[in-house]
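Asker: A single structure is presented below for examination.
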Amino acid sequence: MARNFRDIVNSMISYIKGVKPFLDTSEGTIINDVIISAPSQEIAKLYTEMDIVSRSQNIYTASDSSLRGHGGNLGLLIRSARQSKGYVRFFAFNPPLNDIVIAAGTVVSTVPTSNSSSQQFITTITRTMYASLSSTYLNPDTSVYEIEIPVISVNPGLNSVVGSQTISSLVTSIAGINGCYNPFPT
């Protein structure tokens, strides 16, 4: 922790009084102005500079520009924000009577709250829920017919990381599909 000017002055006065108790160290005297205050001012500046250097060396306290500089020295770059990935289960209350195609690029989203806007995700592959295999899609835990498809967030960044059961809105409607949900966080 950096020592300030007043700490250094008090320390110097304490030392001088310990060695020569009779010297007058009050403000305006040559002892105070030349021997105590002038060097104390420069020493306080050095403490401030050392504190700045120390903080810039610690990844928890360094500024962004310091981190970029340190990374540059090692040939490292700060990554830009990335899109989050996850899985969404599309479900139907009734067994499919016709094949249901969920195309790559189907848009789903979270529901906006008072604290955050909705986050949109798109499916990355095309999957088909075949009518002839309808019994295989039945999830005994939820009693609905489900198919799981990977998704990626439309916008990169920390806001695209969402908790389980938060992606629940079908933006792109799909005939035969009643809804969706994400069983795990993105």
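A note on labels: chains of the structure tokens are A, B, ... as shown, every chain counts residues from 1, and ligands are counted from 1 in their shown order.
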Counting only C-alpha atoms, what is within 10 Å of region 132-135 of chain A, bar same-chain residues fewer than 3 positions away, as number ranges by chain?
Answerer: A: 94-99, 129, 138-139, 145-146
Asker: Could you list, with a cut-off of 7 Å and counting only C-alpha atoms, the residues of region 49-114 of chain A near region 168-180 of chain A, each shown with its nearest atom pair and the distance in Å rounded to one decimal, rows sorted by chain and ascending number, as a Markdown table?
Answerer:
| residue | atom | partner | partner_atom | distance |
| --- | --- | --- | --- | --- |
| A:Val88 | CA | A:Cys180 | CA | 6.5 |
| A:Arg89 | CA | A:Cys180 | CA | 5.4 |
| A:Phe90 | CA | A:Cys180 | CA | 4.3 |
| A:Phe91 | CA | A:Gly179 | CA | 5.6 |
| A:Ala92 | CA | A:Ile177 | CA | 4.8 |
| A:Phe93 | CA | A:Asn178 | CA | 6.7 |
| A:Pro96 | CA | A:Gly176 | CA | 6.8 |
| A:Ile100 | CA | A:Gly176 | CA | 6.7 |
| A:Thr106 | CA | A:Thr172 | CA | 5.7 |
| A:Val107 | CA | A:Thr172 | CA | 5.3 |
| A:Val108 | CA | A:Leu170 | CA | 4.7 |
| A:Ser109 | CA | A:Ser169 | CA | 5.2 |
| A:Thr110 | CA | A:Ser168 | CA | 5.7 |
| A:Val111 | CA | A:Ser169 | CA | 6.5 |
Asker: Among region 31-129 of chain A, which ones does DSSP place in strand (DSSP E), written as a JSON list (two decimals) with C-alpha atoms, in the first residue's frame?
Answerer:
[["chain", "number", "residue", "atom", "x", "y", "z"],
["A", 85, "LYS", "CA", -23.95, -22.70, -27.44],
["A", 86, "GLY", "CA", -26.43, -25.15, -26.03],
["A", 87, "TYR", "CA", -29.31, -27.49, -26.77],
["A", 88, "VAL", "CA", -33.01, -26.86, -27.07],
["A", 89, "ARG", "CA", -35.73, -29.48, -26.93],
["A", 90, "PHE", "CA", -38.69, -28.90, -29.23],
["A", 91, "PHE", "CA", -41.85, -30.65, -28.05],
["A", 92, "ALA", "CA", -45.33, -31.61, -29.15],
["A", 100, "ILE", "CA", -42.04, -32.37, -38.62],
["A", 101, "VAL", "CA", -38.94, -30.66, -40.01],
["A", 102, "ILE", "CA", -37.11, -28.24, -37.74],
["A", 107, "VAL", "CA", -35.14, -18.92, -34.10],
["A", 108, "VAL", "CA", -36.00, -19.41, -30.42],
["A", 109, "SER", "CA", -35.53, -17.00, -27.53],
["A", 110, "THR", "CA", -35.72, -16.35, -23.85],
["A", 120, "GLN", "CA", -32.27, -15.13, -29.38],
["A", 121, "PHE", "CA", -30.76, -18.43, -30.48],
["A", 122, "ILE", "CA", -30.79, -20.25, -33.81],
["A", 123, "THR", "CA", -30.68, -23.97, -34.52],
["A", 127, "ARG", "CA", -33.63, -32.36, -37.70],
["A", 128, "THR", "CA", -36.81, -34.20, -38.53],
["A", 129, "MET", "CA", -39.31, -35.71, -36.11]]
Asker: Out of chain A, which residues get helix (DSSP H, G or I) from DSSP, as an MDAnalysis selection string?
Answerer: chainID A and resid 5:19 30:57 64:73 131:137 158:160
Asker: Please measure the separation of CA of Ala62 (chain A) and CA of Arg82 (chain A), giving the value in Å to one decimal.
Answerer: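 Going from CA of Ala62 (chain A) over to CA of Arg82 (chain A), I get 22.8 Å.
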Asker: Might you pull out every residue within 10 Å of Met12 (chain A), with only C-alpha atoms counted and same-chain residues fewer than 3 positions away left off, and present them as an mmCIF file with all heavy atoms, in the first residue's frame?
Answerer:
data_model
loop_
_atom_site.group_PDB
_atom_site.id
_atom_site.type_symbol
_atom_site.label_atom_id
_atom_site.label_comp_id
_atom_site.auth_asym_id
_atom_site.auth_seq_id
_atom_site.Cartn_x
_atom_site.Cartn_y
_atom_site.Cartn_z
ATOM 1 N N ARG A 6 1.751 12.768 4.213
ATOM 2 C CA ARG A 6 1.629 12.991 5.653
ATOM 3 C C ARG A 6 2.254 11.841 6.445
ATOM 4 O O ARG A 6 2.913 12.073 7.465
ATOM 5 C CB ARG A 6 0.139 13.172 5.990
ATOM 6 C CG ARG A 6 -0.174 13.544 7.399
ATOM 7 C CD ARG A 6 0.421 14.821 7.994
ATOM 8 N NE ARG A 6 0.647 15.970 7.182
ATOM 9 C CZ ARG A 6 1.625 16.870 7.393
ATOM 10 N NH1 ARG A 6 2.461 16.755 8.390
ATOM 11 N NH2 ARG A 6 1.764 17.907 6.622
ATOM 12 N N ASP A 7 2.079 10.585 6.001
ATOM 13 C CA ASP A 7 2.691 9.437 6.684
ATOM 14 C C ASP A 7 4.209 9.552 6.698
ATOM 15 O O ASP A 7 4.864 9.277 7.712
ATOM 16 C CB ASP A 7 2.310 8.116 5.985
ATOM 17 C CG ASP A 7 0.838 7.786 6.095
ATOM 18 O OD1 ASP A 7 0.178 8.277 7.031
ATOM 19 O OD2 ASP A 7 0.351 7.023 5.221
ATOM 20 N N ILE A 8 4.763 9.947 5.558
ATOM 21 C CA ILE A 8 6.222 10.058 5.453
ATOM 22 C C ILE A 8 6.742 11.196 6.331
ATOM 23 O O ILE A 8 7.748 11.049 7.043
ATOM 24 C CB ILE A 8 6.629 10.260 3.977
ATOM 25 C CG1 ILE A 8 6.237 9.014 3.163
ATOM 26 C CG2 ILE A 8 8.121 10.513 3.843
ATOM 27 C CD1 ILE A 8 6.248 9.201 1.674
ATOM 28 N N VAL A 9 6.062 12.339 6.323
ATOM 29 C CA VAL A 9 6.460 13.481 7.174
ATOM 30 C C VAL A 9 6.441 13.061 8.636
ATOM 31 O O VAL A 9 7.399 13.305 9.386
ATOM 32 C CB VAL A 9 5.548 14.699 6.924
ATOM 33 C CG1 VAL A 9 5.729 15.754 8.014
ATOM 34 C CG2 VAL A 9 5.815 15.293 5.557
ATOM 35 N N TYR A 15 11.505 10.082 13.642
ATOM 36 C CA TYR A 15 12.907 9.660 13.664
ATOM 37 C C TYR A 15 13.805 10.788 14.184
ATOM 38 O O TYR A 15 14.660 10.569 15.048
ATOM 39 C CB TYR A 15 13.360 9.232 12.255
ATOM 40 C CG TYR A 15 14.822 8.878 12.226
ATOM 41 C CD1 TYR A 15 15.267 7.651 12.727
ATOM 42 C CD2 TYR A 15 15.765 9.781 11.745
ATOM 43 C CE1 TYR A 15 16.608 7.331 12.728
ATOM 44 C CE2 TYR A 15 17.112 9.472 11.737
ATOM 45 C CZ TYR A 15 17.528 8.246 12.230
ATOM 46 O OH TYR A 15 18.856 7.934 12.246
ATOM 47 N N ILE A 16 13.615 12.008 13.659
ATOM 48 C CA ILE A 16 14.445 13.140 14.074
ATOM 49 C C ILE A 16 14.265 13.413 15.570
ATOM 50 O O ILE A 16 15.236 13.644 16.295
ATOM 51 C CB ILE A 16 14.130 14.394 13.230
ATOM 52 C CG1 ILE A 16 14.649 14.193 11.804
ATOM 53 C CG2 ILE A 16 14.732 15.656 13.850
ATOM 54 C CD1 ILE A 16 14.209 15.259 10.822
ATOM 55 N N LYS A 17 13.014 13.367 16.065
ATOM 56 C CA LYS A 17 12.767 13.601 17.497
ATOM 57 C C LYS A 17 13.416 12.508 18.349
ATOM 58 O O LYS A 17 13.812 12.758 19.484
ATOM 59 C CB LYS A 17 11.255 13.658 17.786
ATOM 60 C CG LYS A 17 10.574 14.881 17.233
ATOM 61 C CD LYS A 17 10.934 16.106 18.034
ATOM 62 C CE LYS A 17 10.099 17.283 17.578
ATOM 63 N NZ LYS A 17 10.471 18.495 18.272
ATOM 64 N N GLY A 18 13.513 11.302 17.804
ATOM 65 C CA GLY A 18 14.161 10.222 18.543
ATOM 66 C C GLY A 18 15.658 10.414 18.662
ATOM 67 O O GLY A 18 16.273 10.038 19.651
ATOM 68 N N THR A 25 10.816 21.059 14.693
ATOM 69 C CA THR A 25 10.396 20.522 13.388
ATOM 70 C C THR A 25 9.050 21.093 12.947
ATOM 71 O O THR A 25 8.415 20.551 12.039
ATOM 72 C CB THR A 25 10.294 18.984 13.456
ATOM 73 O OG1 THR A 25 9.380 18.639 14.489
ATOM 74 C CG2 THR A 25 11.640 18.343 13.708
ATOM 75 N N ASN A 32 12.000 21.560 8.844
ATOM 76 C CA ASN A 32 10.762 21.030 8.268
ATOM 77 C C ASN A 32 10.715 21.237 6.760
ATOM 78 O O ASN A 32 10.436 20.304 6.012
ATOM 79 C CB ASN A 32 9.547 21.700 8.932
ATOM 80 C CG ASN A 32 8.257 21.088 8.445
ATOM 81 O OD1 ASN A 32 7.862 21.285 7.303
ATOM 82 N ND2 ASN A 32 7.606 20.337 9.318
ATOM 83 N N ILE A 35 14.553 19.683 5.085
ATOM 84 C CA ILE A 35 14.993 18.332 5.399
ATOM 85 C C ILE A 35 13.833 17.334 5.472
ATOM 86 O O ILE A 35 14.015 16.170 5.162
ATOM 87 C CB ILE A 35 15.806 18.349 6.707
ATOM 88 C CG1 ILE A 35 17.064 19.178 6.493
ATOM 89 C CG2 ILE A 35 16.149 16.945 7.174
ATOM 90 C CD1 ILE A 35 17.940 19.360 7.673
ATOM 91 N N ILE A 36 12.646 17.794 5.849
ATOM 92 C CA ILE A 36 11.515 16.864 5.995
ATOM 93 C C ILE A 36 10.548 16.958 4.814
ATOM 94 O O ILE A 36 10.305 15.967 4.120
ATOM 95 C CB ILE A 36 10.769 17.120 7.328
ATOM 96 C CG1 ILE A 36 11.705 16.839 8.506
ATOM 97 C CG2 ILE A 36 9.521 16.258 7.409
ATOM 98 C CD1 ILE A 36 11.133 17.213 9.857
ATOM 99 N N SER A 37 9.969 18.127 4.543
ATOM 100 C CA SER A 37 8.895 18.245 3.545
ATOM 101 C C SER A 37 9.351 18.008 2.108
ATOM 102 O O SER A 37 8.665 17.309 1.357
ATOM 103 C CB SER A 37 8.225 19.613 3.642
ATOM 104 O OG SER A 37 7.552 19.716 4.871
ATOM 105 N N PRO A 39 11.993 16.262 0.724
ATOM 106 C CA PRO A 39 12.211 14.848 0.374
ATOM 107 C C PRO A 39 10.932 14.005 0.525
ATOM 108 O O PRO A 39 10.699 13.084 -0.261
ATOM 109 C CB PRO A 39 13.273 14.370 1.360
ATOM 110 C CG PRO A 39 13.897 15.591 1.907
ATOM 111 C CD PRO A 39 12.872 16.678 1.809
ATOM 112 N N SER A 40 10.094 14.335 1.522
ATOM 113 C CA SER A 40 8.862 13.581 1.733
ATOM 114 C C SER A 40 7.941 13.678 0.520
ATOM 115 O O SER A 40 7.278 12.706 0.146
ATOM 116 C CB SER A 40 8.126 14.078 2.976
ATOM 117 O OG SER A 40 8.889 13.821 4.127
#
Asker: Quick one: distance from CA of Glu49 (chain A) to CA of Phe5 (chain A) in Å, one decimal?
Answerer: 13.3 Å
Asker: So the first atom is CA of Gly72 (chain A) and the second is CA of Asn155 (chain A); what is the distance between them in Å, to one decimal place?
Answerer: 27.3 Å
Asker: Just want the 8 Å neighbourhood of Met50 (chain A), counted on only C-alpha atoms, with same-chain residues fewer than 4 positions away dropped. Output as a ChimeraX atom specification.
Answerer: /A:2,46,54
Asker: Looking at only C-alpha atoms, which of A:Asn73, A:Thr166, A:Arg68, A:Gln83 is the one that sits closest to Pro112 (chain A)?
Answerer: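 Of all the options, A:Thr166 lies closest to Pro112 (chain A).
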Asker: With a distance cut-off of 6 Å and only C-alpha atoms, select the neighbouring residues of Val161 (chain A), excluding the residue or stretch itself and same-chain residues fewer than 2 positions from it, and output the selection as a PyMOL selection string.
Answerer: chain A and resi 84+158-159+186
Asker: Write the residues you've just listed into a file as a compact mmCIF listing (two decimals), in the first residue's frame, and include N, CA, C and O atoms for each of them.
Answerer:
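Saved file again06.txt follows:
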# COMPACT_ATOMS: atom_id res chain seq x y z
N SER A 84 -22.69 -18.04 -27.30
CA SER A 84 -22.88 -19.21 -26.44
C SER A 84 -23.59 -20.31 -27.22
O SER A 84 -24.29 -20.04 -28.19
N LEU A 158 -21.57 -12.09 -22.78
CA LEU A 158 -21.99 -12.70 -21.52
C LEU A 158 -23.50 -12.78 -21.39
O LEU A 158 -24.03 -13.72 -20.78
N ASN A 159 -24.24 -11.85 -21.98
CA ASN A 159 -25.70 -11.88 -21.88
C ASN A 159 -26.30 -13.09 -22.56
O ASN A 159 -27.43 -13.48 -22.27
N THR A 186 -26.77 -22.51 -21.34
CA THR A 186 -25.96 -22.38 -22.57
C THR A 186 -24.53 -22.09 -22.17
O THR A 186 -24.26 -21.66 -21.05
